[in-house]
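Data from protein29.tsv: TSV, N, CA and C atoms
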chain	number	residue	atom	x	y	z
A	1	MET	N	10.15	107.51	99.61
A	1	MET	CA	10.07	106.56	100.69
A	1	MET	C	9.17	107.15	101.77
A	2	THR	N	8.32	106.35	102.35
A	2	THR	CA	7.39	106.83	103.36
A	2	THR	C	8.11	107.05	104.69
A	3	SER	N	7.42	107.73	105.59
A	3	SER	CA	7.97	107.97	106.92
A	3	SER	C	8.21	106.66	107.66
A	4	LEU	N	7.32	105.70	107.47
A	4	LEU	CA	7.48	104.40	108.11
A	4	LEU	C	8.72	103.68	107.58
A	5	GLY	N	8.95	103.79	106.27
A	5	GLY	CA	10.13	103.17	105.68
A	5	GLY	C	11.42	103.78	106.18
A	6	VAL	N	11.42	105.10	106.31
A	6	VAL	CA	12.60	105.79	106.81
A	6	VAL	C	12.86	105.40	108.25
A	7	SER	N	11.82	105.35	109.07
A	7	SER	CA	11.98	104.97	110.47
A	7	SER	C	12.48	103.54	110.59
A	8	THR	N	11.97	102.65	109.76
A	8	THR	CA	12.41	101.26	109.79
A	8	THR	C	13.89	101.15	109.41
A	9	CYS	N	14.29	101.86	108.37
A	9	CYS	CA	15.70	101.85	107.96
A	9	CYS	C	16.59	102.42	109.07
A	10	LEU	N	16.15	103.49	109.70
A	10	LEU	CA	16.90	104.09	110.80
A	10	LEU	C	17.08	103.10	111.93
A	11	LEU	N	16.01	102.42	112.32
A	11	LEU	CA	16.10	101.48	113.43
A	11	LEU	C	17.00	100.30	113.08
A	12	LEU	N	16.94	99.83	111.85
A	12	LEU	CA	17.82	98.73	111.44
A	12	LEU	C	19.28	99.17	111.45
A	13	TRP	N	19.54	100.40	111.00
A	13	TRP	CA	20.89	100.94	111.03
A	13	TRP	C	21.41	101.03	112.45
A	14	CYS	N	20.60	101.57	113.35
A	14	CYS	CA	21.01	101.70	114.75
A	14	CYS	C	21.28	100.33	115.36
A	15	LEU	N	20.45	99.36	115.05
A	15	LEU	CA	20.63	98.01	115.57
A	15	LEU	C	21.95	97.41	115.07
A	16	CYS	N	22.25	97.59	113.80
A	16	CYS	CA	23.51	97.08	113.23
A	16	CYS	C	24.72	97.75	113.88
A	17	VAL	N	24.66	99.05	114.06
A	17	VAL	CA	25.78	99.76	114.68
A	17	VAL	C	25.97	99.27	116.11
A	18	ASN	N	24.88	99.07	116.84
A	18	ASN	CA	25.00	98.60	118.21
A	18	ASN	C	25.59	97.20	118.27
A	19	LYS	N	25.25	96.35	117.33
A	19	LYS	CA	25.82	95.00	117.29
A	19	LYS	C	27.32	95.06	117.02
A	20	ILE	N	27.74	95.96	116.15
A	20	ILE	CA	29.17	96.10	115.85
A	20	ILE	C	29.91	96.64	117.07
A	21	TYR	N	29.35	97.64	117.73
A	21	TYR	CA	30.02	98.25	118.87
A	21	TYR	C	29.99	97.37	120.11
A	22	CYS	N	29.20	96.34	120.09
A	22	CYS	CA	29.16	95.41	121.21
A	22	CYS	C	30.52	94.75	121.39
A	23	LEU	N	31.33	94.70	120.35
A	23	LEU	CA	32.63	94.07	120.38
A	23	LEU	C	33.74	95.00	120.88
A	24	SER	N	33.39	96.23	121.25
A	24	SER	CA	34.36	97.23	121.67
A	24	SER	C	35.01	96.83	122.99
A	25	VAL	N	36.23	97.34	123.18
A	25	VAL	CA	36.95	97.01	124.40
A	25	VAL	C	37.41	98.22	125.20
A	26	SER	N	37.73	99.32	124.57
A	26	SER	CA	38.24	100.48	125.31
A	26	SER	C	37.11	101.18	126.06
A	27	SER	N	37.49	101.94	127.07
A	27	SER	CA	36.47	102.63	127.90
A	27	SER	C	35.74	103.70	127.10
A	28	GLN	N	36.46	104.38	126.22
A	28	GLN	CA	35.82	105.41	125.40
A	28	GLN	C	34.82	104.77	124.43
A	29	GLU	N	35.16	103.64	123.86
A	29	GLU	CA	34.24	102.95	122.97
A	29	GLU	C	33.06	102.38	123.73
A	30	MET	N	33.28	101.95	124.96
A	30	MET	CA	32.16	101.45	125.77
A	30	MET	C	31.21	102.58	126.14
A	31	THR	N	31.74	103.76	126.39
A	31	THR	CA	30.88	104.92	126.65
A	31	THR	C	30.01	105.20	125.43
A	32	SER	N	30.62	105.18	124.27
A	32	SER	CA	29.88	105.40	123.03
A	32	SER	C	28.82	104.30	122.84
A	33	TYR	N	29.21	103.08	123.10
A	33	TYR	CA	28.28	101.95	122.94
A	33	TYR	C	27.08	102.07	123.88
A	34	ARG	N	27.34	102.41	125.14
A	34	ARG	CA	26.23	102.53	126.11
A	34	ARG	C	25.26	103.63	125.69
A	35	TRP	N	25.78	104.76	125.22
A	35	TRP	CA	24.91	105.84	124.77
A	35	TRP	C	24.15	105.44	123.52
A	36	LYS	N	24.80	104.71	122.64
A	36	LYS	CA	24.12	104.24	121.42
A	36	LYS	C	22.95	103.32	121.78
A	37	VAL	N	23.16	102.42	122.74
A	37	VAL	CA	22.08	101.52	123.15
A	37	VAL	C	20.94	102.30	123.79
A	38	ARG	N	21.26	103.23	124.67
A	38	ARG	CA	20.22	104.04	125.32
A	38	ARG	C	19.41	104.82	124.29
A	39	LEU	N	20.11	105.46	123.37
A	39	LEU	CA	19.42	106.26	122.36
A	39	LEU	C	18.63	105.39	121.39
A	40	PHE	N	19.13	104.20	121.09
A	40	PHE	CA	18.39	103.28	120.24
A	40	PHE	C	17.08	102.87	120.92
A	41	LEU	N	17.14	102.50	122.18
A	41	LEU	CA	15.92	102.09	122.91
A	41	LEU	C	14.94	103.26	123.03
A	42	PHE	N	15.46	104.45	123.28
A	42	PHE	CA	14.61	105.63	123.34
A	42	PHE	C	13.95	105.89	121.99
A	43	ASN	N	14.73	105.73	120.91
A	43	ASN	CA	14.21	105.93	119.57
A	43	ASN	C	13.11	104.93	119.24
A	44	VAL	N	13.32	103.67	119.60
A	44	VAL	CA	12.30	102.64	119.34
A	44	VAL	C	11.02	102.97	120.10
A	45	SER	N	11.15	103.34	121.37
A	45	SER	CA	9.95	103.65	122.15
A	45	SER	C	9.22	104.87	121.60
A	46	CYS	N	9.96	105.88	121.14
A	46	CYS	CA	9.33	107.06	120.54
A	46	CYS	C	8.66	106.72	119.22
A	47	CYS	N	9.26	105.84	118.43
A	47	CYS	CA	8.63	105.40	117.17
A	47	CYS	C	7.32	104.68	117.46
A	48	LEU	N	7.34	103.81	118.44
A	48	LEU	CA	6.11	103.08	118.80
A	48	LEU	C	5.03	104.03	119.31
A	49	ALA	N	5.44	104.99	120.14
A	49	ALA	CA	4.47	105.97	120.65
A	49	ALA	C	3.91	106.82	119.52
A	50	ALA	N	4.77	107.25	118.61
A	50	ALA	CA	4.31	108.06	117.47
A	50	ALA	C	3.35	107.25	116.60
A	51	ALA	N	3.65	105.99	116.35
A	51	ALA	CA	2.76	105.14	115.55
A	51	ALA	C	1.42	104.96	116.25
A	52	TYR	N	1.46	104.78	117.57
A	52	TYR	CA	0.22	104.62	118.34
A	52	TYR	C	-0.65	105.87	118.21
A	53	PHE	N	-0.06	107.03	118.45
A	53	PHE	CA	-0.84	108.27	118.40
A	53	PHE	C	-1.30	108.60	116.98
A	54	PHE	N	-0.51	108.25	115.97
A	54	PHE	CA	-0.93	108.49	114.60
A	54	PHE	C	-2.14	107.62	114.26
A	55	ARG	N	-2.08	106.36	114.65
A	55	ARG	CA	-3.22	105.46	114.40
A	55	ARG	C	-4.47	105.91	115.17
A	56	ARG	N	-4.23	106.32	116.40
A	56	ARG	CA	-5.36	106.80	117.22
A	56	ARG	C	-5.98	108.05	116.62
A	57	HIS	N	-5.15	108.94	116.11
A	57	HIS	CA	-5.65	110.16	115.47
A	57	HIS	C	-6.48	109.81	114.23
A	58	ASN	N	-5.97	108.90	113.41
A	58	ASN	CA	-6.69	108.54	112.19
A	58	ASN	C	-7.98	107.77	112.47
A	59	LYS	N	-7.99	107.00	113.53
A	59	LYS	CA	-9.16	106.17	113.83
A	59	LYS	C	-10.26	106.95	114.55
A	60	TYR	N	-9.88	107.74	115.55
A	60	TYR	CA	-10.88	108.42	116.39
A	60	TYR	C	-10.92	109.93	116.21
A	61	CYS	N	-9.91	110.52	115.63
A	61	CYS	CA	-9.82	111.96	115.41
A	61	CYS	C	-10.06	112.75	116.70
A	62	GLU	N	-9.36	112.36	117.74
A	62	GLU	CA	-9.49	113.02	119.04
A	62	GLU	C	-8.67	114.31	119.07
A	63	THR	N	-9.11	115.22	119.90
A	63	THR	CA	-8.42	116.51	120.04
A	63	THR	C	-7.08	116.31	120.75
A	64	GLY	N	-6.04	116.89	120.20
A	64	GLY	CA	-4.72	116.87	120.83
A	64	GLY	C	-3.88	115.64	120.56
A	65	VAL	N	-4.47	114.61	119.97
A	65	VAL	CA	-3.72	113.38	119.72
A	65	VAL	C	-2.67	113.59	118.63
A	66	TYR	N	-3.01	114.37	117.62
A	66	TYR	CA	-2.04	114.64	116.56
A	66	TYR	C	-0.86	115.44	117.10
A	67	THR	N	-1.10	116.28	118.09
A	67	THR	CA	-0.02	117.03	118.73
A	67	THR	C	0.94	116.07	119.43
A	68	LEU	N	0.39	115.06	120.10
A	68	LEU	CA	1.24	114.06	120.74
A	68	LEU	C	2.04	113.27	119.71
A	69	PHE	N	1.39	112.95	118.58
A	69	PHE	CA	2.11	112.28	117.51
A	69	PHE	C	3.28	113.14	117.03
A	70	ALA	N	3.03	114.42	116.79
A	70	ALA	CA	4.08	115.32	116.31
A	70	ALA	C	5.21	115.45	117.34
A	71	PHE	N	4.86	115.49	118.62
A	71	PHE	CA	5.86	115.58	119.68
A	71	PHE	C	6.78	114.36	119.65
A	72	PHE	N	6.20	113.17	119.56
A	72	PHE	CA	7.02	111.96	119.53
A	72	PHE	C	7.80	111.84	118.23
A	73	GLU	N	7.26	112.37	117.15
A	73	GLU	CA	8.00	112.38	115.89
A	73	GLU	C	9.24	113.26	116.00
A	74	TYR	N	9.11	114.40	116.66
A	74	TYR	CA	10.28	115.25	116.89
A	74	TYR	C	11.29	114.55	117.79
A	75	LEU	N	10.82	113.82	118.79
A	75	LEU	CA	11.74	113.08	119.65
A	75	LEU	C	12.50	112.02	118.87
A	76	VAL	N	11.83	111.40	117.89
A	76	VAL	CA	12.51	110.44	117.02
A	76	VAL	C	13.65	111.13	116.27
A	77	VAL	N	13.37	112.29	115.73
A	77	VAL	CA	14.39	113.03	114.98
A	77	VAL	C	15.55	113.44	115.88
A	78	PHE	N	15.23	113.98	117.06
A	78	PHE	CA	16.29	114.42	117.97
A	78	PHE	C	17.12	113.25	118.49
A	79	SER	N	16.48	112.13	118.79
A	79	SER	CA	17.24	110.98	119.26
A	79	SER	C	18.11	110.41	118.14
A	80	ASN	N	17.65	110.52	116.90
A	80	ASN	CA	18.47	110.09	115.76
A	80	ASN	C	19.72	110.97	115.65
A	81	MET	N	19.54	112.29	115.81
A	81	MET	CA	20.69	113.19	115.77
A	81	MET	C	21.64	112.91	116.92
A	82	ALA	N	21.10	112.65	118.10
A	82	ALA	CA	21.94	112.36	119.26
A	82	ALA	C	22.69	111.04	119.06
A	83	PHE	N	22.03	110.06	118.45
A	83	PHE	CA	22.69	108.79	118.16
A	83	PHE	C	23.91	109.00	117.28
A	84	HIS	N	23.77	109.84	116.27
A	84	HIS	CA	24.90	110.08	115.37
A	84	HIS	C	25.94	111.02	115.98
A	85	MET	N	25.56	111.79	116.98
A	85	MET	CA	26.53	112.64	117.67
A	85	MET	C	27.49	111.83	118.54
A	86	THR	N	27.18	110.58	118.80
A	86	THR	CA	28.10	109.74	119.56
A	86	THR	C	29.37	109.46	118.76
A	87	ALA	N	29.40	109.87	117.51
A	87	ALA	CA	30.62	109.76	116.70
A	87	ALA	C	31.75	110.57	117.33
A	88	PHE	N	31.39	111.51	118.19
A	88	PHE	CA	32.40	112.28	118.93
A	88	PHE	C	33.33	111.34	119.68
A	89	TRP	N	32.76	110.31	120.34
A	89	TRP	CA	33.57	109.35	121.07
A	89	TRP	C	34.27	108.37	120.12
A	90	ASP	N	33.66	108.11	118.99
A	90	ASP	CA	34.24	107.16	118.05
A	90	ASP	C	35.44	107.73	117.31
A	91	PHE	N	35.38	109.02	116.96
A	91	PHE	CA	36.41	109.63	116.15
A	91	PHE	C	37.05	110.84	116.83
A	92	GLY	N	36.93	110.96	118.13
A	92	GLY	CA	37.42	112.13	118.86
A	92	GLY	C	38.90	112.40	118.70
A	93	SER	N	39.72	111.35	118.61
A	93	SER	CA	41.16	111.54	118.52
A	93	SER	C	41.68	111.45	117.09
A	94	LYS	N	40.79	111.39	116.13
A	94	LYS	CA	41.18	111.26	114.72
A	94	LYS	C	41.11	112.62	114.02
A	95	GLU	N	41.89	112.74	112.95
A	95	GLU	CA	41.87	113.95	112.14
A	95	GLU	C	41.55	113.56	110.70
A	96	VAL	N	40.80	114.41	110.04
A	96	VAL	CA	40.49	114.20	108.62
A	96	VAL	C	41.19	115.30	107.84
A	97	ILE	N	41.99	114.89	106.87
A	97	ILE	CA	42.70	115.85	106.04
A	97	ILE	C	42.33	115.58	104.59
A	98	VAL	N	41.89	116.62	103.93
A	98	VAL	CA	41.55	116.52	102.51
A	98	VAL	C	42.59	117.32	101.75
A	99	ALA	N	43.32	116.63	100.87
A	99	ALA	CA	44.40	117.30	100.13
A	99	ALA	C	44.53	116.69	98.75
A	100	THR	N	45.15	117.45	97.86
A	100	THR	CA	45.43	116.98	96.53
A	100	THR	C	46.93	116.71	96.43
A	101	PRO	N	47.32	115.56	95.91
A	101	PRO	CA	48.76	115.30	95.76
A	101	PRO	C	49.40	116.35	94.85
A	102	PRO	N	50.64	116.76	95.09
A	102	PRO	CA	51.29	117.82	94.29
A	102	PRO	C	51.36	117.50	92.81
A	103	GLU	N	51.53	116.24	92.44
A	103	GLU	CA	51.66	115.92	91.01
A	103	GLU	C	50.36	116.10	90.24
A	104	ASP	N	49.23	116.15	90.92
A	104	ASP	CA	47.95	116.33	90.23
A	104	ASP	C	47.58	117.80	90.02
A	105	LYS	N	48.33	118.70	90.61
A	105	LYS	CA	48.01	120.12	90.47
A	105	LYS	C	48.46	120.63	89.12
A	106	ARG	N	47.62	121.46	88.53
A	106	ARG	CA	47.96	122.08	87.24
A	106	ARG	C	47.99	123.59	87.43
A	107	TYR	N	49.12	124.18	87.15
A	107	TYR	CA	49.28	125.62	87.37
A	107	TYR	C	49.02	126.39	86.12
For the structure just supplied, provide its representation as structure tokens.
Amino acid sequence: MTSLGVSTCLLLWCLCVNKIYCLSVSSQEMTSYRWKVRLFLFNVSCCLAAAYFFRRHNKYCETGVYTLFAFFEYLVVFSNMAFHMTAFWDFGSKEVIVATPPEDKRY
């Protein structure tokens, strides 16, 4: 899958999650929702900036433009990680336990 395809899938995923969290009611969920929206908008703007600089680099081959593209590409990655780190607010009070039922154990 190309970088453009991955970015498109990421943005669609973020948009879907934001639509689902729009229905939240608790204050902790609203905090998560607000951060998700902010990070989504930041991610979209960074994707657009990266696409602009990539096209500009390929068309004119200007000095330093590819560096700007790489910078915005890193911001896309970091904002994606930050978007998924909001799971702290979503699952902060939950515990995950992985166990095997006693009857399935073989000694």
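Between atom C of Tyr52 (chain A) and CA of Tyr66 (chain A) lies a distance of 9.0 Å.
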9 Å contact set for Leu68 (chain A), only C-alpha atoms, chain neighbours under 4 positions out, as a VMD selection string: chain A and resid 49 to 50 53 to 54 64 72 to 73
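Between Leu75 (chain A) and the candidates A:Leu48, A:Thr63, A:Gly92, A:Val98, the tightest atom-to-atom separation, counting only C-alpha atoms, involves A:Leu48.
The spacing separating atom N of Leu39 (chain A) from atom C of Leu15 (chain A) amounts to 11.7 Å.
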Sphere at (24.0, 100.9, 116.0), radius 12 Å, counting only C-alpha atoms: residues as a ChimeraX atom specification: /A:9-23,32-41,43,80,83-84,86-87
Quick one: 8 Å padding each side, axis-aligned, all listed atoms of region 11-21 of chain A - centre and edge lengths in Å to one decimal, as lines of an AutoDock Vina configuration file?
center_x = 23.0
center_y = 98.7
center_z = 115.6
size_x = 30.0
size_y = 23.4
size_z = 25.1
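CA of Tyr60 (chain A) to CA of Cys46 (chain A) spans 20.7 Å [interatomic distance, one decimal].
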